[in-house]
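A.B. asks: Structure supplied as target-v9.cif; contents: mmCIF, C-alpha atoms.
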data_upload
loop_
_atom_site.label_atom_id
_atom_site.label_comp_id
_atom_site.auth_asym_id
_atom_site.auth_seq_id
_atom_site.Cartn_x
_atom_site.Cartn_y
_atom_site.Cartn_z
CA PRO A 1 15.18 -19.96 28.54
CA SER A 2 15.01 -23.67 28.01
CA ASP A 3 17.32 -26.67 28.32
CA ALA A 4 15.45 -28.54 25.59
CA ALA A 5 17.27 -29.45 22.39
CA ASP A 6 14.41 -28.02 20.33
CA VAL A 7 12.83 -24.65 21.13
CA PRO A 8 9.56 -23.99 19.27
CA TYR A 9 8.92 -20.45 18.08
CA THR A 10 5.15 -20.48 18.46
CA GLU A 11 4.74 -16.86 17.34
CA GLY A 12 5.54 -17.88 13.76
CA LEU A 13 5.60 -14.82 11.51
CA ALA A 14 3.77 -12.63 14.04
CA THR A 15 6.81 -10.83 15.41
CA SER A 16 7.45 -7.11 15.94
CA TYR A 17 5.19 -4.92 13.77
CA ARG A 18 3.79 -8.05 12.09
CA ASN A 19 1.97 -8.95 15.31
CA PRO A 20 -1.35 -7.04 15.39
CA ALA A 21 -1.52 -7.47 19.18
CA PHE A 22 1.94 -5.92 19.78
CA LYS A 23 1.84 -2.32 20.97
CA ALA A 24 5.07 -0.33 20.84
CA ALA A 25 5.80 3.10 22.29
CA PHE A 26 7.35 4.00 18.93
CA PRO A 27 5.83 2.00 16.05
CA PHE A 28 8.03 0.37 13.42
CA GLY A 29 9.15 3.04 10.93
CA HIS A 30 8.29 5.94 13.26
CA GLY A 31 10.48 9.04 13.03
CA LEU A 32 10.54 12.36 14.86
CA THR A 33 10.13 15.62 12.95
CA TYR A 34 9.41 19.28 13.56
CA THR A 35 6.84 19.47 10.78
CA THR A 36 3.90 17.54 9.33
CA PHE A 37 3.40 15.88 5.95
CA GLU A 38 0.35 15.31 3.80
CA HIS A 39 0.12 12.38 1.38
CA GLU A 40 -1.93 12.19 -1.80
CA ALA A 41 -3.86 9.02 -2.59
CA PRO A 42 -1.67 6.63 -4.64
CA VAL A 43 -2.43 5.86 -8.28
CA ASN A 44 -1.35 2.99 -10.50
CA LYS A 45 1.13 3.76 -13.29
CA THR A 46 2.49 1.66 -16.10
CA CYS A 47 5.71 -0.32 -15.60
CA ALA A 48 6.67 0.13 -19.27
CA GLY A 49 10.45 0.22 -19.63
CA ALA A 50 11.17 -0.66 -16.00
CA GLU A 51 12.97 -3.99 -15.72
CA GLY A 52 11.61 -6.28 -13.01
CA CYS A 53 8.63 -4.04 -12.29
CA GLN A 54 5.25 -5.78 -12.04
CA TYR A 55 3.16 -3.05 -10.42
CA ARG A 56 3.95 0.63 -9.99
CA LEU A 57 2.30 2.99 -7.53
CA ARG A 58 2.87 6.72 -7.48
CA THR A 59 2.02 9.18 -4.72
CA CYS A 60 2.96 12.70 -3.72
CA VAL A 61 3.94 13.98 -0.29
CA ARG A 62 3.82 17.65 0.76
CA ASN A 63 5.40 19.48 3.68
CA ALA A 64 2.32 20.93 5.36
CA GLY A 65 4.22 22.43 8.31
CA GLU A 66 6.42 25.46 8.86
CA VAL A 67 9.90 23.87 8.97
CA ALA A 68 11.95 22.37 6.15
CA ALA A 69 12.50 18.64 6.65
CA PRO A 70 12.62 15.27 4.88
CA THR A 71 10.38 12.29 5.53
CA VAL A 72 10.46 8.57 4.79
CA VAL A 73 7.44 7.33 2.83
CA GLN A 74 6.76 3.64 3.49
CA LEU A 75 4.78 0.98 1.62
CA TYR A 76 3.35 -1.98 3.55
CA LEU A 77 1.85 -4.75 1.44
CA GLU A 78 -1.14 -6.76 2.65
CA PHE A 79 -1.16 -10.21 1.01
CA PRO A 80 -4.11 -12.43 0.02
CA PRO A 81 -5.07 -15.03 2.68
CA GLN A 82 -3.21 -17.86 0.89
CA ALA A 83 0.12 -16.29 1.89
CA GLY A 84 -0.63 -16.69 5.61
CA GLN A 85 0.89 -13.34 6.56
CA PRO A 86 -0.41 -12.01 9.90
CA ALA A 87 -0.11 -8.33 8.91
CA PRO A 88 1.04 -6.08 6.06
CA LEU A 89 4.78 -6.33 5.36
CA LEU A 90 7.18 -3.48 4.65
CA LYS A 91 8.10 -3.83 0.98
CA ALA A 92 9.52 -0.43 0.06
CA PHE A 93 10.46 2.95 1.48
CA LYS A 94 11.88 6.18 0.09
CA ARG A 95 13.37 9.20 1.80
CA THR A 96 12.48 12.57 0.36
CA ARG A 97 14.81 15.53 0.13
CA ALA A 98 14.54 18.23 2.81
CA MET A 99 11.41 19.97 1.57
CA ALA A 100 10.64 23.59 2.40
CA PRO A 101 7.16 24.36 3.75
CA GLY A 102 4.54 23.93 1.04
CA VAL A 103 6.86 21.99 -1.27
CA SER A 104 5.85 18.57 -2.65
CA GLU A 105 7.80 15.57 -3.93
CA GLU A 106 6.59 12.71 -6.10
CA ILE A 107 7.31 9.19 -4.88
CA THR A 108 7.22 6.07 -7.05
CA PHE A 109 7.23 2.49 -5.77
CA ASP A 110 7.93 -0.42 -8.13
CA LEU A 111 6.81 -3.84 -6.90
CA SER A 112 8.59 -6.87 -8.36
CA THR A 113 7.53 -10.51 -8.62
CA ARG A 114 9.57 -11.22 -5.48
CA ASP A 115 7.73 -8.46 -3.61
CA LEU A 116 4.45 -10.22 -4.40
CA SER A 117 5.77 -13.63 -3.31
CA TYR A 118 5.87 -15.53 -0.02
CA TRP A 119 7.97 -18.44 1.20
CA ASP A 120 6.10 -21.75 0.90
CA VAL A 121 7.54 -24.28 3.35
CA GLY A 122 5.95 -27.22 1.56
CA GLN A 123 7.47 -26.26 -1.79
CA ASP A 124 10.69 -24.97 -0.21
CA ASP A 125 10.56 -22.02 -2.57
CA TRP A 126 9.13 -18.55 -3.16
CA VAL A 127 5.58 -18.61 -4.54
CA GLN A 128 3.90 -15.62 -6.14
CA ALA A 129 0.58 -14.92 -4.46
CA THR A 130 -2.50 -14.31 -6.58
CA GLY A 131 -5.63 -12.45 -5.67
CA SER A 132 -6.36 -9.12 -4.01
CA PHE A 133 -3.48 -7.15 -2.49
CA VAL A 134 -3.70 -3.92 -0.51
CA ALA A 135 -0.79 -1.47 -0.56
CA HIS A 136 -0.75 0.72 2.57
CA ILE A 137 1.30 3.92 2.33
CA GLY A 138 2.22 6.02 5.34
CA GLU A 139 4.77 7.32 7.82
CA SER A 140 5.04 4.15 9.93
CA SER A 141 3.41 0.76 10.40
CA ALA A 142 0.83 2.43 12.66
CA ASP A 143 0.45 5.68 10.68
CA ILE A 144 -1.09 4.65 7.36
CA ARG A 145 -2.30 7.56 5.25
CA HIS A 146 -3.72 5.81 2.18
CA SER A 147 -4.55 2.27 1.01
CA PHE A 148 -4.79 1.00 -2.56
CA LYS A 149 -6.32 -2.32 -3.61
CA PHE A 150 -5.08 -4.13 -6.71
CA CYS A 151 -5.26 -7.59 -8.23
CA ASN A 152 -2.48 -9.96 -9.21
CA GLY A 153 -3.83 -12.70 -11.44
CA PRO A 154 -7.38 -13.88 -10.75
CA CYS A 155 -8.96 -12.04 -7.82
CA THR A 156 -11.18 -13.67 -5.23
CA GLN A 157 -14.91 -13.18 -5.51
CA GLU A 158 -14.79 -10.76 -2.58
CA GLY A 159 -12.09 -8.64 -4.21
CA SER A 160 -13.88 -8.64 -7.56
CA ASN A 161 -17.16 -7.61 -5.97
CA LEU A 162 -15.49 -4.72 -4.13
CA GLY A 163 -14.12 -3.32 -7.37
CA VAL A 164 -17.51 -3.67 -9.06
CA VAL A 165 -19.34 -2.02 -6.15
CA ILE A 166 -16.90 0.89 -6.00
CA GLY A 167 -17.00 1.37 -9.75
CA GLY A 168 -20.78 1.13 -9.82
CA LEU A 169 -21.30 3.63 -7.01
CA GLY A 170 -18.84 6.02 -8.61
CA ALA A 171 -20.59 5.74 -11.97
CA VAL A 172 -23.99 6.44 -10.38
CA ALA A 173 -22.57 9.50 -8.60
CA ALA A 174 -20.93 10.68 -11.81
CA LEU A 175 -24.17 10.18 -13.73
CA LEU A 176 -26.16 12.21 -11.20
CA VAL A 177 -23.66 15.06 -11.02
CA GLY A 178 -21.93 15.18 -14.38
CA GLY A 179 -24.10 13.27 -16.82
CA VAL A 180 -23.51 10.28 -19.07
CA ALA A 181 -20.05 11.39 -20.30
CA ALA A 182 -18.66 11.59 -16.76
CA ALA A 183 -20.10 8.15 -15.88
CA LEU A 184 -18.61 6.53 -18.97
CA LYS A 185 -15.24 8.14 -18.28
CA LEU A 186 -15.17 6.74 -14.73
CA LEU A 187 -16.19 3.24 -15.83
CA SER A 188 -13.45 3.21 -18.47
CA LYS A 189 -10.75 3.27 -15.77
CA LYS A 190 -8.81 0.00 -15.41
CA PRO A 191 -10.82 -2.17 -12.93
CA GLY A 192 -7.86 -4.02 -11.47
CA TYR A 193 -6.54 -0.93 -9.68
CA THR A 194 -9.24 0.53 -7.48
CA SER A 195 -8.52 2.80 -4.55
CA ILE A 196 -10.32 1.62 -1.41
CA GLU A 197 -10.57 5.21 -0.24
CA GLU A 198 -12.90 6.10 -3.11
CA VAL A 199 -15.63 4.37 -1.10
CA THR A 200 -15.74 7.21 1.43
CA GLN A 201 -15.29 10.11 -0.97
CA PRO A 202 -18.24 12.32 -1.97
CA ALA A 203 -19.52 12.38 -5.54
CA SER A 204 -17.56 15.57 -6.29
CA ALA A 205 -14.30 13.91 -5.27
CA LEU A 206 -15.07 10.90 -7.45
CA LEU A 207 -15.56 13.20 -10.40
CA ASN A 208 -12.28 14.99 -9.70
CA ASP A 209 -10.47 11.61 -9.72
CA ALA A 210 -12.05 10.55 -12.99
#
Show me the file's structure as structure tokens.
C.D. replies:
Amino acid sequence: PSDAADVPYTEGLATSYRNPAFKAAFPFGHGLTYTTFEHEAPVNKTCAGAEGCQYRLRTCVRNAGEVAAPTVVQLYLEFPPQAGQPAPLLKAFKRTRAMAPGVSEEITFDLSTRDLSYWDVGQDDWVQATGSFVAHIGESSADIRHSFKFCNGPCTQEGSNLGVVIGGLGAVAALLVGGVAAALKLLSKKPGYTSIEEVTQPASALLNDA
């Protein structure tokens, strides 16, 4: 409480789940269920024919428990540093149907230009961020199952190097295990959409993704 005419909000954008130091008993987006769900790593798909779509990510969620139930798949977008966002922001979510045990459902997220933009106080307008983004997909802000790095416009040197390193390591693994054809197939994948999680996968998993 304050009697001052002006009250400064010193926390800025770092409120609720956007504050990395904030610990909640039930994280933002958390829901109770009697079952468990498994998520596949997201992949980039074309936006062809989808009005307003700039980037499309597709994933699949499976009921890995013993009770039929729905879940809410959530996408949190981590912006490049220029946007000044303290943490990934919720940009999309989709509720599945009530899935029986063992049943899967495909989920598609379309990101628009507005989704990739931030409010610039100096320009008094929305500005589309450029560089390396990371899409985090999970069950809540604290329960992230997979992360996917992609570029919008020119990427920073750090982001570009990460994609090159991942692609290079994958190609070496493919060459050792599957020969020249497998290495060339992996390197032919579009470089702007590289899954961060490929870094920790074994060579066999890299070949399966190719």
A.B. asks: Please write the residues picked by the PyMOL selection byres ((chain A and resi 80) around 8) on this file as number ranges by chain.
C.D. replies: A: 78-79, 81-84, 129-133
A.B. asks: For atom CA of Pro27 of chain A and atom CA of Tyr55 of chain A, determine how far apart the two atoms are, in Å to one decimal place.
C.D. replies: 27.1 Å
A.B. asks: Nearest to Leu89 of chain A among A:Ser2, A:Thr36, A:Ser117, A:Thr108, with distances taken over all atoms listed in the file: which residue is it?
C.D. replies: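 Ranking A:Ser2, A:Thr36, A:Ser117, A:Thr108 by distance to Leu89 of chain A, first place goes to A:Ser117.
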A.B. asks: Using only C-alpha atoms, find the one residue out of A:Lys149, A:Asp143, A:Phe109, A:Ile137 that sits nearest to Gln54 of chain A.
C.D. replies: A:Phe109
A.B. asks: Apply the PyMOL selection byres ((chain A and resi 34) around 12) to the file shown and report the selected residues as a list of chain:residue names.
C.D. replies: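 Taken on the displayed file, the PyMOL selection byres ((chain A and resi 34) around 12) yields the residues A:Gly31, A:Leu32, A:Thr33, A:Thr35, A:Thr36, A:Phe37, A:Asn63, A:Ala64, A:Gly65, A:Glu66, A:Val67, A:Ala68, A:Ala69, A:Pro70, A:Thr71, A:Ala98, A:Pro101.
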A.B. asks: Quick one: pull the distance between atom CA of Glu40 of chain A and atom CA of Cys60 of chain A, Å, one decimal.
C.D. replies: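 Separation of atom CA of Glu40 of chain A and atom CA of Cys60 of chain A: 5.3 Å.
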A.B. asks: Distance atom CA of His39 of chain A-atom CA of Tyr76 of chain A, one decimal place?
C.D. replies: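 Rounded to one decimal, the two atoms are 14.9 Å apart.
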A.B. asks: When the PyMOL selection byres ((chain A and resi 118) around 8) is applied to the file above, which residues end up in the set, as a PyMOL selection string?
C.D. replies: chain A and resi 83+114+116-117+119-120+126-129
